[in-house]
$ cat target.cif   # mmCIF, C-alpha atoms, pLDDT in the B column; chains and numbers go by the auth columns
data_my_file
loop_
_atom_site.group_PDB
_atom_site.id
_atom_site.type_symbol
_atom_site.label_atom_id
_atom_site.label_comp_id
_atom_site.label_asym_id
_atom_site.label_seq_id
_atom_site.Cartn_x
_atom_site.Cartn_y
_atom_site.Cartn_z
_atom_site.B_iso_or_equiv
_atom_site.auth_seq_id
_atom_site.auth_asym_id
ATOM 1 C CA MET A 1 194.841 172.384 153.245 64.00 2 A
ATOM 2 C CA LEU A 2 195.267 173.855 149.778 82.00 3 A
ATOM 3 C CA LYS A 3 192.208 173.939 147.551 82.00 4 A
ATOM 4 C CA THR A 4 194.019 175.185 144.440 87.00 5 A
ATOM 5 C CA ASP A 5 196.311 173.672 141.829 93.00 6 A
ATOM 6 C CA TYR A 6 197.996 176.570 140.081 97.00 7 A
ATOM 7 C CA LEU A 7 201.202 174.539 139.817 97.00 8 A
ATOM 8 C CA SER A 8 199.677 172.278 137.162 96.00 9 A
ATOM 9 C CA GLN A 9 198.309 175.284 135.277 97.00 10 A
ATOM 10 C CA LEU A 10 201.716 176.938 135.395 97.00 11 A
ATOM 11 C CA ARG A 11 203.391 173.925 133.810 97.00 12 A
ATOM 12 C CA GLN A 12 200.716 173.643 131.157 97.00 13 A
ATOM 13 C CA ARG A 13 200.832 177.312 130.195 97.00 14 A
ATOM 14 C CA ASN A 14 204.581 177.985 130.619 98.00 15 A
ATOM 15 C CA PRO A 15 204.145 181.743 131.316 98.00 16 A
ATOM 16 C CA LEU A 16 206.854 184.196 130.295 98.00 17 A
ATOM 17 C CA ILE A 17 208.072 186.099 133.356 98.00 18 A
ATOM 18 C CA HIS A 18 209.980 189.366 132.930 98.00 19 A
ATOM 19 C CA ASN A 19 212.538 189.894 135.678 98.00 20 A
ATOM 20 C CA ILE A 20 214.304 193.159 136.406 98.00 21 A
ATOM 21 C CA THR A 21 216.510 191.682 139.057 95.00 22 A
ATOM 22 C CA ASN A 22 219.921 191.959 140.640 94.00 23 A
ATOM 23 C CA ILE A 23 223.197 190.749 139.160 95.00 24 A
ATOM 24 C CA VAL A 24 223.917 188.470 142.121 96.00 25 A
ATOM 25 C CA VAL A 25 220.936 186.177 141.540 96.00 26 A
ATOM 26 C CA ALA A 26 219.868 186.561 137.903 97.00 27 A
ATOM 27 C CA ASN A 27 221.186 183.171 136.798 97.00 28 A
ATOM 28 C CA TYR A 28 219.711 181.312 139.775 98.00 29 A
ATOM 29 C CA VAL A 29 216.322 182.979 139.414 98.00 30 A
ATOM 30 C CA ALA A 30 216.214 182.152 135.705 98.00 31 A
ATOM 31 C CA ASN A 31 217.089 178.518 136.344 98.00 32 A
ATOM 32 C CA GLY A 32 214.563 178.322 139.187 98.00 33 A
ATOM 33 C CA LEU A 33 211.761 179.556 136.949 98.00 34 A
ATOM 34 C CA LEU A 34 212.753 177.101 134.233 98.00 35 A
ATOM 35 C CA ALA A 35 212.782 174.259 136.760 98.00 36 A
ATOM 36 C CA LEU A 36 209.327 175.204 137.978 98.00 37 A
ATOM 37 C CA GLY A 37 207.895 175.275 134.465 98.00 38 A
ATOM 38 C CA ALA A 38 207.876 178.981 133.626 98.00 39 A
ATOM 39 C CA SER A 39 209.994 180.856 131.085 98.00 40 A
ATOM 40 C CA PRO A 40 212.252 183.687 132.280 98.00 41 A
ATOM 41 C CA ILE A 41 213.383 186.778 130.466 98.00 42 A
ATOM 42 C CA MET A 42 216.000 188.822 132.309 98.00 43 A
ATOM 43 C CA SER A 43 216.213 192.367 131.009 97.00 44 A
ATOM 44 C CA SER A 44 216.614 195.883 132.344 96.00 45 A
ATOM 45 C CA ALA A 45 217.374 197.652 129.068 97.00 46 A
ATOM 46 C CA VAL A 46 215.381 200.883 129.077 97.00 47 A
ATOM 47 C CA GLU A 47 214.970 200.628 125.307 98.00 48 A
ATOM 48 C CA GLU A 48 212.711 197.550 125.520 97.00 49 A
ATOM 49 C CA MET A 49 210.859 198.109 128.790 98.00 50 A
ATOM 50 C CA ASP A 50 207.767 199.488 127.089 96.00 51 A
ATOM 51 C CA GLU A 51 207.494 196.464 124.771 97.00 52 A
ATOM 52 C CA LEU A 52 208.183 193.463 126.987 97.00 53 A
ATOM 53 C CA PRO A 53 204.993 193.629 129.090 96.00 54 A
ATOM 54 C CA ALA A 54 202.976 193.104 125.906 96.00 55 A
ATOM 55 C CA ILE A 55 204.463 189.625 125.455 97.00 56 A
ATOM 56 C CA CYS A 56 204.985 188.613 129.109 98.00 57 A
ATOM 57 C CA GLN A 57 202.499 187.289 131.641 98.00 58 A
ATOM 58 C CA ALA A 58 204.076 188.853 134.764 98.00 59 A
ATOM 59 C CA LEU A 59 206.765 191.329 135.820 98.00 60 A
ATOM 60 C CA VAL A 60 209.027 190.947 138.862 98.00 61 A
ATOM 61 C CA ILE A 61 210.945 194.010 140.082 98.00 62 A
ATOM 62 C CA ASN A 62 213.880 193.341 142.424 98.00 63 A
ATOM 63 C CA ILE A 63 216.006 196.240 143.765 97.00 64 A
ATOM 64 C CA GLY A 64 218.941 194.146 144.988 96.00 65 A
ATOM 65 C CA THR A 65 221.721 195.816 142.988 96.00 66 A
ATOM 66 C CA LEU A 66 220.045 199.078 142.147 96.00 67 A
ATOM 67 C CA THR A 67 221.318 201.642 139.632 96.00 68 A
ATOM 68 C CA ALA A 68 219.808 204.903 138.418 97.00 69 A
ATOM 69 C CA GLU A 69 219.387 203.463 134.922 97.00 70 A
ATOM 70 C CA GLN A 70 217.641 200.421 136.344 97.00 71 A
ATOM 71 C CA VAL A 71 215.193 202.623 138.238 98.00 72 A
ATOM 72 C CA LYS A 72 214.173 204.211 134.921 98.00 73 A
ATOM 73 C CA ALA A 73 213.651 200.748 133.466 98.00 74 A
ATOM 74 C CA MET A 74 211.566 199.639 136.430 98.00 75 A
ATOM 75 C CA LEU A 75 209.250 202.622 136.180 98.00 76 A
ATOM 76 C CA ILE A 76 208.709 202.238 132.444 98.00 77 A
ATOM 77 C CA ALA A 77 208.169 198.477 132.654 98.00 78 A
ATOM 78 C CA GLY A 78 205.899 198.715 135.696 98.00 79 A
ATOM 79 C CA LYS A 79 203.632 201.312 134.104 98.00 80 A
ATOM 80 C CA ALA A 80 203.496 199.307 130.867 98.00 81 A
ATOM 81 C CA ALA A 81 202.640 196.164 132.823 98.00 82 A
ATOM 82 C CA ASN A 82 199.788 198.037 134.521 98.00 83 A
ATOM 83 C CA ARG A 83 198.481 199.159 131.137 98.00 84 A
ATOM 84 C CA HIS A 84 198.573 195.594 129.811 98.00 85 A
ATOM 85 C CA GLY A 85 196.945 194.215 132.951 97.00 86 A
ATOM 86 C CA ILE A 86 199.672 191.762 133.915 98.00 87 A
ATOM 87 C CA PRO A 87 200.631 191.221 137.576 98.00 88 A
ATOM 88 C CA VAL A 88 203.658 193.026 139.010 98.00 89 A
ATOM 89 C CA VAL A 89 205.662 191.801 142.016 98.00 90 A
ATOM 90 C CA LEU A 90 207.994 194.004 144.071 98.00 91 A
ATOM 91 C CA ASP A 91 210.951 192.595 145.998 98.00 92 A
ATOM 92 C CA PRO A 92 212.248 195.547 148.081 97.00 93 A
ATOM 93 C CA VAL A 93 215.676 194.038 148.835 96.00 94 A
ATOM 94 C CA GLY A 94 217.389 195.880 151.681 93.00 95 A
ATOM 95 C CA VAL A 95 214.968 198.790 151.366 95.00 96 A
ATOM 96 C CA GLY A 96 215.898 200.245 154.749 91.00 97 A
ATOM 97 C CA ALA A 97 219.656 200.154 154.123 91.00 98 A
ATOM 98 C CA THR A 98 220.162 203.374 152.136 94.00 99 A
ATOM 99 C CA CYS A 99 218.350 206.546 151.137 96.00 100 A
ATOM 100 C CA PHE A 100 218.617 205.538 147.476 97.00 101 A
ATOM 101 C CA ARG A 101 216.734 202.321 148.081 97.00 102 A
ATOM 102 C CA GLN A 102 214.160 204.044 150.268 96.00 103 A
ATOM 103 C CA GLN A 103 213.511 206.783 147.718 97.00 104 A
ATOM 104 C CA THR A 104 213.340 204.304 144.853 98.00 105 A
ATOM 105 C CA VAL A 105 210.818 202.035 146.547 98.00 106 A
ATOM 106 C CA ALA A 106 208.708 205.031 147.549 97.00 107 A
ATOM 107 C CA GLN A 107 208.623 206.155 143.914 98.00 108 A
ATOM 108 C CA LEU A 108 207.857 202.664 142.618 98.00 109 A
ATOM 109 C CA LEU A 109 204.991 202.271 145.066 98.00 110 A
ATOM 110 C CA GLN A 110 203.604 205.662 144.147 98.00 111 A
ATOM 111 C CA GLU A 111 203.726 205.190 140.364 98.00 112 A
ATOM 112 C CA ILE A 112 203.103 201.444 139.897 98.00 113 A
ATOM 113 C CA GLN A 113 200.238 199.281 141.112 98.00 114 A
ATOM 114 C CA PHE A 114 201.747 196.060 142.473 98.00 115 A
ATOM 115 C CA SER A 115 199.852 192.813 142.770 98.00 116 A
ATOM 116 C CA ALA A 116 202.227 191.553 145.438 98.00 117 A
ATOM 117 C CA ILE A 117 205.090 192.737 147.615 98.00 118 A
ATOM 118 C CA ARG A 118 207.387 189.963 148.848 98.00 119 A
ATOM 119 C CA GLY A 119 210.149 190.580 151.366 97.00 120 A
ATOM 120 C CA ASN A 120 211.703 189.406 154.588 94.00 121 A
ATOM 121 C CA ALA A 121 210.517 190.654 157.968 93.00 122 A
ATOM 122 C CA GLY A 122 212.990 193.531 158.115 92.00 123 A
ATOM 123 C CA GLU A 123 212.133 194.823 154.657 95.00 124 A
ATOM 124 C CA MET A 124 208.401 194.542 155.196 95.00 125 A
ATOM 125 C CA ALA A 125 208.576 196.123 158.650 94.00 126 A
ATOM 126 C CA TYR A 126 210.282 199.110 157.050 94.00 127 A
ATOM 127 C CA LEU A 127 207.485 199.454 154.491 96.00 128 A
ATOM 128 C CA ALA A 128 204.915 199.256 157.276 94.00 129 A
ATOM 129 C CA ASN A 129 206.836 201.887 159.286 90.00 130 A
ATOM 130 C CA VAL A 130 207.320 199.430 162.145 87.00 131 A
ATOM 131 C CA ASN A 131 210.457 199.413 164.272 68.00 132 A
ATOM 132 C CA TRP A 132 212.927 196.707 163.273 56.00 133 A
ATOM 133 C CA GLN A 133 216.736 196.459 163.414 56.00 134 A
ATOM 134 C CA THR A 134 218.225 195.433 160.070 53.00 135 A
ATOM 135 C CA LYS A 135 221.735 194.921 158.702 49.00 136 A
ATOM 136 C CA GLY A 136 222.053 195.528 154.969 50.00 137 A
ATOM 137 C CA VAL A 137 219.831 193.047 153.153 50.00 138 A
ATOM 138 C CA ASP A 138 219.655 190.635 156.109 48.00 139 A
ATOM 139 C CA VAL A 139 216.397 190.105 157.970 47.00 140 A
ATOM 140 C CA GLY A 140 217.715 191.636 161.218 49.00 141 A
ATOM 141 C CA GLN A 141 215.868 191.482 164.508 53.00 142 A
ATOM 142 C CA GLY A 142 212.588 192.745 165.889 56.00 143 A
ATOM 143 C CA ASP A 143 209.491 191.770 167.780 63.00 144 A
ATOM 144 C CA ALA A 144 206.818 193.383 165.624 75.00 145 A
ATOM 145 C CA ASP A 145 203.542 191.601 164.966 88.00 146 A
ATOM 146 C CA LEU A 146 204.109 190.317 161.433 93.00 147 A
ATOM 147 C CA ASP A 147 200.395 189.667 160.953 95.00 148 A
ATOM 148 C CA HIS A 148 199.845 193.378 161.517 95.00 149 A
ATOM 149 C CA VAL A 149 202.727 194.243 159.181 96.00 150 A
ATOM 150 C CA ALA A 150 201.370 192.075 156.375 97.00 151 A
ATOM 151 C CA LYS A 151 197.823 193.397 156.714 97.00 152 A
ATOM 152 C CA LYS A 152 198.996 197.011 156.880 97.00 153 A
ATOM 153 C CA ILE A 153 201.094 196.713 153.717 98.00 154 A
ATOM 154 C CA ALA A 154 198.307 194.915 151.867 98.00 155 A
ATOM 155 C CA GLN A 155 195.759 197.559 152.797 97.00 156 A
ATOM 156 C CA GLN A 156 198.042 200.550 152.197 97.00 157 A
ATOM 157 C CA TYR A 157 199.263 199.426 148.782 97.00 158 A
ATOM 158 C CA ARG A 158 196.170 197.472 147.662 97.00 159 A
ATOM 159 C CA CYS A 159 198.130 194.285 147.090 98.00 160 A
ATOM 160 C CA THR A 160 198.917 190.938 148.687 98.00 161 A
ATOM 161 C CA ALA A 161 201.839 191.012 151.117 98.00 162 A
ATOM 162 C CA VAL A 162 204.130 188.006 151.455 98.00 163 A
ATOM 163 C CA ILE A 163 206.549 187.995 154.395 97.00 164 A
ATOM 164 C CA SER A 164 208.992 185.117 154.115 96.00 165 A
ATOM 165 C CA GLY A 165 210.775 183.617 157.093 94.00 166 A
ATOM 166 C CA ALA A 166 210.711 180.608 159.388 93.00 167 A
ATOM 167 C CA ILE A 167 206.937 180.952 159.082 95.00 168 A
ATOM 168 C CA ASP A 168 205.691 182.772 155.999 97.00 169 A
ATOM 169 C CA VAL A 169 202.906 185.292 156.566 97.00 170 A
ATOM 170 C CA ILE A 170 200.583 186.224 153.703 98.00 171 A
ATOM 171 C CA SER A 171 197.725 188.729 153.725 98.00 172 A
ATOM 172 C CA ASP A 172 195.548 190.572 151.243 97.00 173 A
ATOM 173 C CA GLY A 173 194.420 192.953 153.967 96.00 174 A
ATOM 174 C CA LYS A 174 191.507 190.765 155.009 96.00 175 A
ATOM 175 C CA GLN A 175 192.589 187.144 154.759 96.00 176 A
ATOM 176 C CA LEU A 176 195.684 185.836 156.517 97.00 177 A
ATOM 177 C CA ALA A 177 197.701 182.652 156.090 97.00 178 A
ATOM 178 C CA HIS A 178 200.719 181.235 157.923 97.00 179 A
ATOM 179 C CA ILE A 179 202.878 178.693 156.095 97.00 180 A
ATOM 180 C CA GLN A 180 204.843 176.458 158.424 96.00 181 A
ATOM 181 C CA ASN A 181 206.802 174.588 155.754 97.00 182 A
ATOM 182 C CA GLY A 182 210.417 175.428 155.007 96.00 183 A
ATOM 183 C CA THR A 183 214.006 174.789 156.058 97.00 184 A
ATOM 184 C CA PRO A 184 216.689 176.723 157.983 96.00 185 A
ATOM 185 C CA LEU A 185 218.946 176.321 154.943 97.00 186 A
ATOM 186 C CA PHE A 186 217.038 178.947 152.930 97.00 187 A
ATOM 187 C CA PRO A 187 218.841 181.978 154.462 94.00 188 A
ATOM 188 C CA HIS A 188 222.222 180.335 153.873 95.00 189 A
ATOM 189 C CA ILE A 189 222.107 180.549 150.077 95.00 190 A
ATOM 190 C CA THR A 190 222.125 183.720 148.018 94.00 191 A
ATOM 191 C CA GLY A 191 218.936 184.327 146.099 94.00 192 A
ATOM 192 C CA SER A 192 216.443 182.121 147.926 96.00 193 A
ATOM 193 C CA GLY A 193 214.152 185.075 148.638 96.00 194 A
ATOM 194 C CA CYS A 194 214.670 186.573 145.196 97.00 195 A
ATOM 195 C CA LEU A 195 213.715 183.281 143.589 98.00 196 A
ATOM 196 C CA LEU A 196 210.591 183.114 145.754 98.00 197 A
ATOM 197 C CA SER A 197 209.543 186.528 144.438 98.00 198 A
ATOM 198 C CA ALA A 198 209.924 185.245 140.885 98.00 199 A
ATOM 199 C CA VAL A 199 207.952 182.113 141.772 98.00 200 A
ATOM 200 C CA CYS A 200 205.204 184.383 143.107 98.00 201 A
ATOM 201 C CA GLY A 201 205.174 186.154 139.759 98.00 202 A
ATOM 202 C CA ALA A 202 204.879 182.848 137.902 98.00 203 A
ATOM 203 C CA PHE A 203 201.898 181.720 140.000 98.00 204 A
ATOM 204 C CA LEU A 204 200.191 185.095 139.630 98.00 205 A
ATOM 205 C CA ALA A 205 200.631 184.807 135.868 98.00 206 A
ATOM 206 C CA VAL A 206 198.156 181.906 135.771 98.00 207 A
ATOM 207 C CA ALA A 207 195.895 182.917 138.666 96.00 208 A
ATOM 208 C CA GLN A 208 193.448 185.143 136.760 90.00 209 A
ATOM 209 C CA GLN A 209 193.540 187.757 139.540 90.00 210 A
ATOM 210 C CA HIS A 210 192.908 185.260 142.353 96.00 211 A
ATOM 211 C CA ASP A 211 196.054 186.628 143.927 97.00 212 A
ATOM 212 C CA PHE A 212 195.753 185.529 147.549 97.00 213 A
ATOM 213 C CA PRO A 213 195.230 181.779 146.978 97.00 214 A
ATOM 214 C CA ALA A 214 197.835 181.799 144.212 98.00 215 A
ATOM 215 C CA LEU A 215 200.442 183.360 146.469 98.00 216 A
ATOM 216 C CA VAL A 216 199.609 181.004 149.335 98.00 217 A
ATOM 217 C CA GLU A 217 200.186 178.087 146.967 98.00 218 A
ATOM 218 C CA ALA A 218 203.336 179.658 145.526 98.00 219 A
ATOM 219 C CA ALA A 219 204.943 180.166 148.921 98.00 220 A
ATOM 220 C CA THR A 220 203.835 176.729 150.126 98.00 221 A
ATOM 221 C CA ALA A 221 205.134 174.908 147.057 98.00 222 A
ATOM 222 C CA TYR A 222 208.446 176.737 147.269 98.00 223 A
ATOM 223 C CA ALA A 223 208.818 176.010 150.991 98.00 224 A
ATOM 224 C CA ILE A 224 208.029 172.335 150.436 98.00 225 A
ATOM 225 C CA ALA A 225 210.595 172.150 147.633 98.00 226 A
ATOM 226 C CA GLY A 226 213.098 173.539 150.133 98.00 227 A
ATOM 227 C CA GLU A 227 212.095 170.980 152.745 97.00 228 A
ATOM 228 C CA LEU A 228 212.545 168.132 150.300 97.00 229 A
ATOM 229 C CA ALA A 229 215.857 169.528 149.052 97.00 230 A
ATOM 230 C CA ALA A 230 217.207 169.785 152.606 97.00 231 A
ATOM 231 C CA LYS A 231 216.207 166.259 153.552 95.00 232 A
ATOM 232 C CA ASN A 232 219.236 164.243 154.682 91.00 233 A
ATOM 233 C CA LEU A 233 221.558 167.243 154.274 94.00 234 A
ATOM 234 C CA GLN A 234 223.769 168.569 157.044 94.00 235 A
ATOM 235 C CA PRO A 235 223.444 172.270 157.987 91.00 236 A
ATOM 236 C CA GLN A 236 226.821 172.962 156.337 94.00 237 A
ATOM 237 C CA GLN A 237 225.889 171.432 152.985 96.00 238 A
ATOM 238 C CA VAL A 238 224.666 174.697 151.539 96.00 239 A
ATOM 239 C CA GLY A 239 226.144 174.040 148.100 96.00 240 A
ATOM 240 C CA GLN A 240 224.236 170.804 147.736 97.00 241 A
ATOM 241 C CA PHE A 241 221.068 172.523 148.924 97.00 242 A
ATOM 242 C CA TYR A 242 221.581 175.281 146.329 97.00 243 A
ATOM 243 C CA THR A 243 221.472 172.720 143.530 97.00 244 A
ATOM 244 C CA ALA A 244 218.943 170.388 145.144 97.00 245 A
ATOM 245 C CA LEU A 245 216.388 173.200 145.407 98.00 246 A
ATOM 246 C CA LEU A 246 216.345 173.549 141.619 98.00 247 A
ATOM 247 C CA ASP A 247 215.938 169.789 141.246 98.00 248 A
ATOM 248 C CA LYS A 248 213.017 169.705 143.682 98.00 249 A
ATOM 249 C CA LEU A 249 211.288 172.628 141.993 98.00 250 A
ATOM 250 C CA ALA A 250 211.492 170.630 138.761 98.00 251 A
ATOM 251 C CA THR A 251 210.101 167.400 140.229 97.00 252 A
ATOM 252 C CA LEU A 252 207.585 168.805 142.708 97.00 253 A
ATOM 253 C CA ASP A 253 204.011 167.811 141.921 95.00 254 A
ATOM 254 C CA SER A 254 200.612 168.940 143.112 94.00 255 A
ATOM 255 C CA THR A 255 200.025 165.777 145.146 94.00 256 A
ATOM 256 C CA GLN A 256 203.163 166.436 147.192 95.00 257 A
ATOM 257 C CA VAL A 257 202.116 170.028 147.778 96.00 258 A
ATOM 258 C CA GLN A 258 198.649 168.965 148.920 94.00 259 A
ATOM 259 C CA GLN A 259 199.941 166.239 151.216 95.00 260 A
ATOM 260 C CA LEU A 260 202.833 168.156 152.790 95.00 261 A
ATOM 261 C CA ALA A 261 201.310 171.627 153.104 95.00 262 A
ATOM 262 C CA ARG A 262 201.154 172.976 156.656 96.00 263 A
ATOM 263 C CA ILE A 263 199.015 176.113 156.465 95.00 264 A
ATOM 264 C CA ASP A 264 197.130 177.968 159.169 90.00 265 A
ATOM 265 C CA ASP A 265 194.336 180.161 157.807 81.00 266 A
ATOM 266 C CA ASP A 266 192.668 183.051 159.652 69.00 267 A
#
$ encode --input "target.cif" --output "structure tokens"
Amino acid sequence: MLKTDYLSQLRQRNPLIHNITNIVVANYVANGLLALGASPIMSSAVEEMDELPAICQALVINIGTLTAEQVKAMLIAGKAANRHGIPVVLDPVGVGATCFRQQTVAQLLQEIQFSAIRGNAGEMAYLANVNWQTKGVDVGQGDADLDHVAKKIAQQYRCTAVISGAIDVISDGKQLAHIQNGTPLFPHITGSGCLLSAVCGAFLAVAQQHDFPALVEAATAYAIAGELAAKNLQPQQVGQFYTALLDKLATLDSTQVQQLARIDDD
């Protein structure tokens, strides 16, 4: 059972979340944050990366459609965010797919302190140097112990690791949580994971460095919104789910999250 209510704080404070994200999902992520109660700013202009962290409450870095110019922006913004003490989230989309992505993520992890890293099992297994078969940005297949993967990433990079999937796994290196909420429709729409990373950023923005419980609540609330959006939909109704998820993020309340949460804590 959840003992926190960061969702209410988020809606009261309306934090400004800076997203350096990919062109495929920028609109959906922005609308998802607005629905949840946060304010998005979507920018990767190098010229303003040093200034934005001073007015934002969190930074989310997503490498989905990576360019060399964007890498420069990420590094500048990430270092500025660290200086200003705001949380930074990394979404290492398809990190194992190409050398460019691998090299970029290695550099980001070396030069920026992240509060959270959120990815699917394939992406996170790559970061943990665990064998896993991936295809592009898809989750792929493997039989690694995801509890071990999450703990290893959290300990190595001094952050909280969030592995999203049929069961979400979250660890800060010591604590561990499994979130059983969700829907099989999530992988069938573009941007569901990217939006979750932004939602993580929004919850961290109001968590006052209580990162682990904030991320457990963030992932749980998002998964429950998905469950509610998928209710009464057929597996093929992905377009309706795409829209319904935004609606449920907007109407979701703390009572629903408390009542519907299915969390196993270790």
$ residues_around --input "target.cif" --residues "Ile42 of chain A" --least-positions-apart "6" --cutoff "9 Å" --atoms "all atoms listed in the file" --output "PDB file with C-alpha atoms, in the coordinates of the input"
ATOM      1  CA  LEU A  17     206.854 184.196 130.295  1.00 98.00           C
ATOM      2  CA  ILE A  18     208.072 186.099 133.356  1.00 98.00           C
ATOM      3  CA  HIS A  19     209.980 189.366 132.930  1.00 98.00           C
ATOM      4  CA  ASN A  20     212.538 189.894 135.678  1.00 98.00           C
ATOM      5  CA  ILE A  21     214.304 193.159 136.406  1.00 98.00           C
ATOM      6  CA  ALA A  31     216.214 182.152 135.705  1.00 98.00           C
ATOM      7  CA  CYS A  57     204.985 188.613 129.109  1.00 98.00           C
TER       8      CYS A  57
END
$ residues_around --input "target.cif" --residues "segment 241-255 of chain A" --least-positions-apart "3" --cutoff "9 Å" --atoms "all atoms listed in the file" --output "VMD selection string"
chain A and resid 6 to 9 29 32 to 38 186 to 187 190 to 191 193 222 to 223 225 to 231 234 238 258 to 260
$ closest_residue --input "target.cif" --among "A:Asp212, A:Asp148, A:Glu70, A:Asp169" --to "Phe115 of chain A" --atoms "only C-alpha atoms"
A:Asp212
$ resolve_selection --input "target.cif" --expression "the PyMOL selection byres ((chain A and resi 48) around 12)" --output "count of residues only"
16
$ closest_residue --input "target.cif" --among "A:Pro185, A:Gly240, A:Ile171, A:Lys80" --to "Glu218 of chain A" --atoms "all atoms listed in the file"
A:Ile171
$ resolve_selection --input "target.cif" --expression "the PyMOL selection byres ((chain A and resi 87-95) around 6)" --output "ChimeraX atom specification"
/A:58-65,82,85-86,96-98,115-120,137-138
$ atom_distance --input "target.cif" --atom1 "atom CA of Gln10 of chain A" --atom2 "atom CA of Val30 of chain A"
20.0 Å
$ atom_distance --input "target.cif" --atom1 "atom CA of Leu11 of chain A" --atom2 "atom CA of Val207 of chain A"
6.1 Å
$ resolve_selection --input "target.cif" --expression "the PyMOL selection byres ((chain A and resi 152-154) around 8)" --output "mmCIF file with C-alpha atoms, in the frame of the given file"
data_model
loop_
_atom_site.group_PDB
_atom_site.id
_atom_site.type_symbol
_atom_site.label_atom_id
_atom_site.label_comp_id
_atom_site.auth_asym_id
_atom_site.auth_seq_id
_atom_site.Cartn_x
_atom_site.Cartn_y
_atom_site.Cartn_z
ATOM 1 C CA MET A 125 208.401 194.542 155.196
ATOM 2 C CA LEU A 128 207.485 199.454 154.491
ATOM 3 C CA ALA A 129 204.915 199.256 157.276
ATOM 4 C CA ASP A 148 200.395 189.667 160.953
ATOM 5 C CA HIS A 149 199.845 193.378 161.517
ATOM 6 C CA VAL A 150 202.727 194.243 159.181
ATOM 7 C CA ALA A 151 201.370 192.075 156.375
ATOM 8 C CA ALA A 155 198.307 194.915 151.867
ATOM 9 C CA GLN A 156 195.759 197.559 152.797
ATOM 10 C CA GLN A 157 198.042 200.550 152.197
ATOM 11 C CA TYR A 158 199.263 199.426 148.782
ATOM 12 C CA ARG A 159 196.170 197.472 147.662
ATOM 13 C CA CYS A 160 198.130 194.285 147.090
ATOM 14 C CA THR A 161 198.917 190.938 148.687
ATOM 15 C CA ALA A 162 201.839 191.012 151.117
ATOM 16 C CA SER A 172 197.725 188.729 153.725
ATOM 17 C CA ASP A 173 195.548 190.572 151.243
ATOM 18 C CA GLY A 174 194.420 192.953 153.967
ATOM 19 C CA LYS A 175 191.507 190.765 155.009
ATOM 20 C CA LEU A 177 195.684 185.836 156.517
#
$ axis_aligned_box --input "target.cif" --around "segment 44-63 of chain A" --padding-each-side "6 Å" --output "JSON"
{"center_x": 209.9, "center_y": 194.1, "center_z": 133.6, "size_x": 26.9, "size_y": 25.6, "size_z": 29.7}
$ atom_distance --input "target.cif" --atom1 "atom CA of Gln237 of chain A" --atom2 "atom CA of Gly192 of chain A"
17.2 Å
$ residues_around --input "target.cif" --residues "Ala167 of chain A" --least-positions-apart "4" --cutoff "9 Å" --atoms "only C-alpha atoms" --output "mmCIF file with C-alpha atoms, keeping the file's coordinate frame"
data_model
loop_
_atom_site.group_PDB
_atom_site.id
_atom_site.type_symbol
_atom_site.label_atom_id
_atom_site.label_comp_id
_atom_site.auth_asym_id
_atom_site.auth_seq_id
_atom_site.Cartn_x
_atom_site.Cartn_y
_atom_site.Cartn_z
ATOM 1 C CA ILE A 180 202.878 178.693 156.095
ATOM 2 C CA GLN A 181 204.843 176.458 158.424
ATOM 3 C CA ASN A 182 206.802 174.588 155.754
ATOM 4 C CA GLY A 183 210.417 175.428 155.007
ATOM 5 C CA THR A 184 214.006 174.789 156.058
ATOM 6 C CA PRO A 185 216.689 176.723 157.983
#
$ residues_around --input "target.cif" --residues "segment 111-114 of chain A" --least-positions-apart "4" --cutoff "7 Å" --atoms "all atoms listed in the file" --output "MDAnalysis selection string"
chainID A and resid 79:80 83 107
$ closest_residue --input "target.cif" --among "A:Val163, A:Asn15, A:Ala199, A:Leu205" --to "Ala27 of chain A" --atoms "only C-alpha atoms"
A:Ala199
$ closest_residue --input "target.cif" --among "A:Leu76, A:Leu196, A:Val239, A:Ala220" --to "Asn23 of chain A" --atoms "only C-alpha atoms"
A:Leu196
$ closest_residue --input "target.cif" --among "A:Pro188, A:Gly194, A:Ala178, A:Met43" --to "Pro214 of chain A" --atoms "only C-alpha atoms"
A:Ala178
